[in-house]
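Enquirer: Mind looking over this structure? Questions follow.
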2 protein chains.
Amino acid sequence: MTRSAITAQVLAANQRFYDALEALDIAAMEACWSPAPGVACLHPGMPWQRGWDEVSSGWEVILANTGYIEFEIVDVEVTVNDPVAWVTCVERITSAAPEGAGTAAAEVAATNLFVLDATGWRIALHHASLIIRPGHGEEG
Amino acid sequence: MTRSAITAQVLAANQRFYDALEALDIAAMEACWSPAPGVACLHPGMPWQRGWDEVSSGWEVILANTGYIEFEIVDVEVTVNDPVAWVTCVERITSAAPEGAGTAAAEVAATNLFVLDATGWRIALHHASLIIRPGHGEEG
């Protein structure tokens, strides 16, 4: 398989992750994740969640508290080092709470690390953190 | 080599990275990093830096603006998937500006990804983000 074909597979796995999140679909989200014991997830400002029990509980809380969420994924870089690949990107997020009248916007930097198993590329680590732009919340 | 010996190598590489930072030593920091083109670095609240030119410029700014920095590394997990390994941890940071009279404390979650080359485990990705504890700066 060519390098560009592998990169396309990884980008497709990255897109499935954001599609599952936009669909607020915990089963689709679970299907994106590696069944390996060492999975790790960090949402902006939060501490580490390790293992699928903690990671899935975290997603359930987020999905239950989200009425609508949309991702524009930009500034994407893919590095492949078989059987591992990682994507660094920026998530431009528009979201609303379940009962919320208005929407909120955020810009989040993400590391998504994938491992290749018999089923394809599955995510093993998601680290997301807010990008603070001068004039939009930074001190001083 | 046993799994525990590999894990010890990765933890040693992780420690060298923090030792270089505590020593404010840009040459030691450079020695920790992979020479591969896809290196990426993200400091808390900042956008992505990609490639060694951007990454090293970022470290130079941080080192020039730091008089003192000390790391206590806790909550450490290592995952090895040869030739890649990643560490997730929490950095308890005490730091001071060059001319600063006082110190500041922060708790930062980090992902450090290492790749194995002929020289050993070298860091290819560092993603760091502030952990916000309730009552320590969170809204509401």
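Residue numbers start at 1 in each chain; chains themselves are named A, B, ... in the order of the structure tokens; ligands are numbered from 1 in the order shown.
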For chain B, which residues have at least one atom within 12 Å of chain A, if we go by only C-alpha atoms? Write them as a PyMOL selection string, please.

Expert: chain B and resi 36-51+74-91+107-117+124-134+136-139

Enquirer: Would you list the contacts of B:Phe17 as a ChimeraX atom specification, taking every protein, DNA or RNA residue within 9 Å and counting only C-alpha atoms, but skipping same-chain residues closer than 5 positions in sequence?

Expert: /B:12,22,28-29,31-33,123

Enquirer: Just checking: using only C-alpha atoms, which residue out of B:Ala8, B:Ala27, B:Leu21, B:Ala64 ends up closest to B:Ile93?

Expert: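 Counting only C-alpha atoms, the residue closest to B:Ile93 is B:Leu21.
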
Enquirer: Which of chain B end up as alpha helix (DSSP H) when DSSP is run on this backbone - answer as a PDB file with N, CA and C atoms, in the first residue's frame?

Expert:
```pdb
ATOM      1  N   ARG B   3       9.561  -6.020  27.709  1.00  0.00           N
ATOM      2  CA  ARG B   3       8.634  -4.882  27.682  1.00  0.00           C
ATOM      3  C   ARG B   3       8.980  -3.874  28.776  1.00  0.00           C
ATOM      4  N   SER B   4       9.319  -4.377  29.950  1.00  0.00           N
ATOM      5  CA  SER B   4       9.621  -3.430  31.047  1.00  0.00           C
ATOM      6  C   SER B   4      10.917  -2.667  30.775  1.00  0.00           C
ATOM      7  N   ALA B   5      11.875  -3.300  30.079  1.00  0.00           N
ATOM      8  CA  ALA B   5      13.112  -2.588  29.718  1.00  0.00           C
ATOM      9  C   ALA B   5      12.813  -1.495  28.695  1.00  0.00           C
ATOM     10  N   ILE B   6      11.929  -1.773  27.736  1.00  0.00           N
ATOM     11  CA  ILE B   6      11.551  -0.760  26.744  1.00  0.00           C
ATOM     12  C   ILE B   6      10.822   0.402  27.432  1.00  0.00           C
ATOM     13  N   THR B   7       9.899   0.055  28.317  1.00  0.00           N
ATOM     14  CA  THR B   7       9.172   1.093  29.055  1.00  0.00           C
ATOM     15  C   THR B   7      10.147   1.972  29.847  1.00  0.00           C
ATOM     16  N   ALA B   8      11.160   1.355  30.433  1.00  0.00           N
ATOM     17  CA  ALA B   8      12.159   2.125  31.196  1.00  0.00           C
ATOM     18  C   ALA B   8      12.934   3.065  30.269  1.00  0.00           C
ATOM     19  N   GLN B   9      13.248   2.606  29.060  1.00  0.00           N
ATOM     20  CA  GLN B   9      13.928   3.469  28.081  1.00  0.00           C
ATOM     21  C   GLN B   9      13.067   4.682  27.732  1.00  0.00           C
ATOM     22  N   VAL B  10      11.773   4.439  27.519  1.00  0.00           N
ATOM     23  CA  VAL B  10      10.856   5.530  27.146  1.00  0.00           C
ATOM     24  C   VAL B  10      10.734   6.523  28.305  1.00  0.00           C
ATOM     25  N   LEU B  11      10.618   5.996  29.516  1.00  0.00           N
ATOM     26  CA  LEU B  11      10.524   6.885  30.688  1.00  0.00           C
ATOM     27  C   LEU B  11      11.811   7.693  30.859  1.00  0.00           C
ATOM     28  N   ALA B  12      12.958   7.083  30.533  1.00  0.00           N
ATOM     29  CA  ALA B  12      14.222   7.820  30.611  1.00  0.00           C
ATOM     30  C   ALA B  12      14.252   8.936  29.569  1.00  0.00           C
ATOM     31  N   ALA B  13      13.758   8.657  28.367  1.00  0.00           N
ATOM     32  CA  ALA B  13      13.690   9.693  27.327  1.00  0.00           C
ATOM     33  C   ALA B  13      12.754  10.816  27.756  1.00  0.00           C
ATOM     34  N   ASN B  14      11.645  10.444  28.402  1.00  0.00           N
ATOM     35  CA  ASN B  14      10.691  11.443  28.898  1.00  0.00           C
ATOM     36  C   ASN B  14      11.358  12.316  29.968  1.00  0.00           C
ATOM     37  N   GLN B  15      12.132  11.686  30.845  1.00  0.00           N
ATOM     38  CA  GLN B  15      12.825  12.430  31.912  1.00  0.00           C
ATOM     39  C   GLN B  15      13.879  13.373  31.316  1.00  0.00           C
ATOM     40  N   ARG B  16      14.609  12.913  30.278  1.00  0.00           N
ATOM     41  CA  ARG B  16      15.627  13.764  29.640  1.00  0.00           C
ATOM     42  C   ARG B  16      14.987  15.043  29.088  1.00  0.00           C
ATOM     43  N   PHE B  17      13.772  14.892  28.516  1.00  0.00           N
ATOM     44  CA  PHE B  17      13.041  16.043  27.989  1.00  0.00           C
ATOM     45  C   PHE B  17      12.772  17.072  29.104  1.00  0.00           C
ATOM     46  N   TYR B  18      12.282  16.603  30.258  1.00  0.00           N
ATOM     47  CA  TYR B  18      12.000  17.546  31.348  1.00  0.00           C
ATOM     48  C   TYR B  18      13.279  18.068  31.987  1.00  0.00           C
ATOM     49  N   ASP B  19      14.324  17.225  32.013  1.00  0.00           N
ATOM     50  CA  ASP B  19      15.620  17.701  32.530  1.00  0.00           C
ATOM     51  C   ASP B  19      16.162  18.839  31.662  1.00  0.00           C
ATOM     52  N   ALA B  20      16.044  18.700  30.328  1.00  0.00           N
ATOM     53  CA  ALA B  20      16.516  19.746  29.407  1.00  0.00           C
ATOM     54  C   ALA B  20      15.755  21.044  29.645  1.00  0.00           C
ATOM     55  N   LEU B  21      14.444  20.893  29.883  1.00  0.00           N
ATOM     56  CA  LEU B  21      13.603  22.074  30.106  1.00  0.00           C
ATOM     57  C   LEU B  21      13.963  22.731  31.443  1.00  0.00           C
ATOM     58  N   GLU B  22      14.131  21.926  32.491  1.00  0.00           N
ATOM     59  CA  GLU B  22      14.523  22.490  33.792  1.00  0.00           C
ATOM     60  C   GLU B  22      15.882  23.176  33.713  1.00  0.00           C
ATOM     61  N   ILE B  26      18.776  24.681  25.476  1.00  0.00           N
ATOM     62  CA  ILE B  26      18.183  24.450  24.152  1.00  0.00           C
ATOM     63  C   ILE B  26      18.918  23.339  23.405  1.00  0.00           C
ATOM     64  N   ALA B  27      20.224  23.184  23.626  1.00  0.00           N
ATOM     65  CA  ALA B  27      20.960  22.106  22.940  1.00  0.00           C
ATOM     66  C   ALA B  27      20.526  20.739  23.470  1.00  0.00           C
ATOM     67  N   ALA B  28      20.369  20.640  24.775  1.00  0.00           N
ATOM     68  CA  ALA B  28      19.881  19.387  25.360  1.00  0.00           C
ATOM     69  C   ALA B  28      18.450  19.110  24.895  1.00  0.00           C
ATOM     70  N   MET B  29      17.633  20.174  24.783  1.00  0.00           N
ATOM     71  CA  MET B  29      16.267  20.019  24.285  1.00  0.00           C
ATOM     72  C   MET B  29      16.291  19.503  22.850  1.00  0.00           C
ATOM     73  N   GLU B  30      17.130  20.082  22.005  1.00  0.00           N
ATOM     74  CA  GLU B  30      17.204  19.641  20.602  1.00  0.00           C
ATOM     75  C   GLU B  30      17.597  18.166  20.525  1.00  0.00           C
ATOM     76  N   ALA B  31      18.503  17.739  21.412  1.00  0.00           N
ATOM     77  CA  ALA B  31      18.967  16.344  21.395  1.00  0.00           C
ATOM     78  C   ALA B  31      17.848  15.362  21.737  1.00  0.00           C
ATOM     79  N   CYS B  32      16.803  15.868  22.415  1.00  0.00           N
ATOM     80  CA  CYS B  32      15.670  15.004  22.774  1.00  0.00           C
ATOM     81  C   CYS B  32      14.743  14.748  21.593  1.00  0.00           C
ATOM     82  N   GLY B  51       7.449  21.173  12.622  1.00  0.00           N
ATOM     83  CA  GLY B  51       8.797  21.190  12.071  1.00  0.00           C
ATOM     84  C   GLY B  51       9.758  21.778  13.088  1.00  0.00           C
ATOM     85  N   TRP B  52      11.032  21.366  13.007  1.00  0.00           N
ATOM     86  CA  TRP B  52      11.976  21.760  14.042  1.00  0.00           C
ATOM     87  C   TRP B  52      12.219  23.268  14.088  1.00  0.00           C
ATOM     88  N   ASP B  53      12.153  23.966  12.941  1.00  0.00           N
ATOM     89  CA  ASP B  53      12.366  25.422  12.962  1.00  0.00           C
ATOM     90  C   ASP B  53      11.332  26.105  13.858  1.00  0.00           C
ATOM     91  N   GLU B  54      10.048  25.761  13.661  1.00  0.00           N
ATOM     92  CA  GLU B  54       8.998  26.357  14.490  1.00  0.00           C
ATOM     93  C   GLU B  54       9.096  25.890  15.937  1.00  0.00           C
ATOM     94  N   VAL B  55       9.343  24.575  16.104  1.00  0.00           N
ATOM     95  CA  VAL B  55       9.374  24.009  17.455  1.00  0.00           C
ATOM     96  C   VAL B  55      10.533  24.613  18.253  1.00  0.00           C
ATOM     97  N   SER B  56      11.709  24.700  17.641  1.00  0.00           N
ATOM     98  CA  SER B  56      12.872  25.240  18.371  1.00  0.00           C
ATOM     99  C   SER B  56      12.683  26.722  18.666  1.00  0.00           C
ATOM    100  N   SER B  57      12.086  27.473  17.729  1.00  0.00           N
ATOM    101  CA  SER B  57      11.813  28.894  18.000  1.00  0.00           C
ATOM    102  C   SER B  57      10.892  29.037  19.206  1.00  0.00           C
ATOM    103  N   GLY B  58       9.901  28.150  19.289  1.00  0.00           N
ATOM    104  CA  GLY B  58       8.986  28.176  20.432  1.00  0.00           C
ATOM    105  C   GLY B  58       9.702  27.929  21.748  1.00  0.00           C
ATOM    106  N   TRP B  59      10.595  26.928  21.756  1.00  0.00           N
ATOM    107  CA  TRP B  59      11.357  26.647  22.979  1.00  0.00           C
ATOM    108  C   TRP B  59      12.271  27.810  23.330  1.00  0.00           C
ATOM    109  N   GLU B  60      12.888  28.429  22.314  1.00  0.00           N
ATOM    110  CA  GLU B  60      13.791  29.551  22.598  1.00  0.00           C
ATOM    111  C   GLU B  60      13.046  30.697  23.290  1.00  0.00           C
ATOM    112  N   VAL B  61      11.810  30.967  22.834  1.00  0.00           N
ATOM    113  CA  VAL B  61      11.010  32.020  23.463  1.00  0.00           C
ATOM    114  C   VAL B  61      10.708  31.648  24.913  1.00  0.00           C
ATOM    115  N   ILE B  62      10.326  30.395  25.133  1.00  0.00           N
ATOM    116  CA  ILE B  62       9.986  29.958  26.496  1.00  0.00           C
ATOM    117  C   ILE B  62      11.223  30.023  27.396  1.00  0.00           C
ATOM    118  N   LEU B  63      12.349  29.510  26.907  1.00  0.00           N
ATOM    119  CA  LEU B  63      13.555  29.502  27.746  1.00  0.00           C
ATOM    120  C   LEU B  63      14.023  30.919  28.052  1.00  0.00           C
ATOM    121  N   ALA B  64      13.906  31.835  27.055  1.00  0.00           N
ATOM    122  CA  ALA B  64      14.340  33.218  27.250  1.00  0.00           C
ATOM    123  C   ALA B  64      13.451  33.946  28.264  1.00  0.00           C
TER     124      ALA B  64
END
```

Enquirer: Using DSSP secondary structure from the backbone, list all strand (DSSP E or B) positions within chain B, as a ChimeraX atom specification.

Expert: /B:33,40-42,49-50,68-81,84-96,104-117,120-130
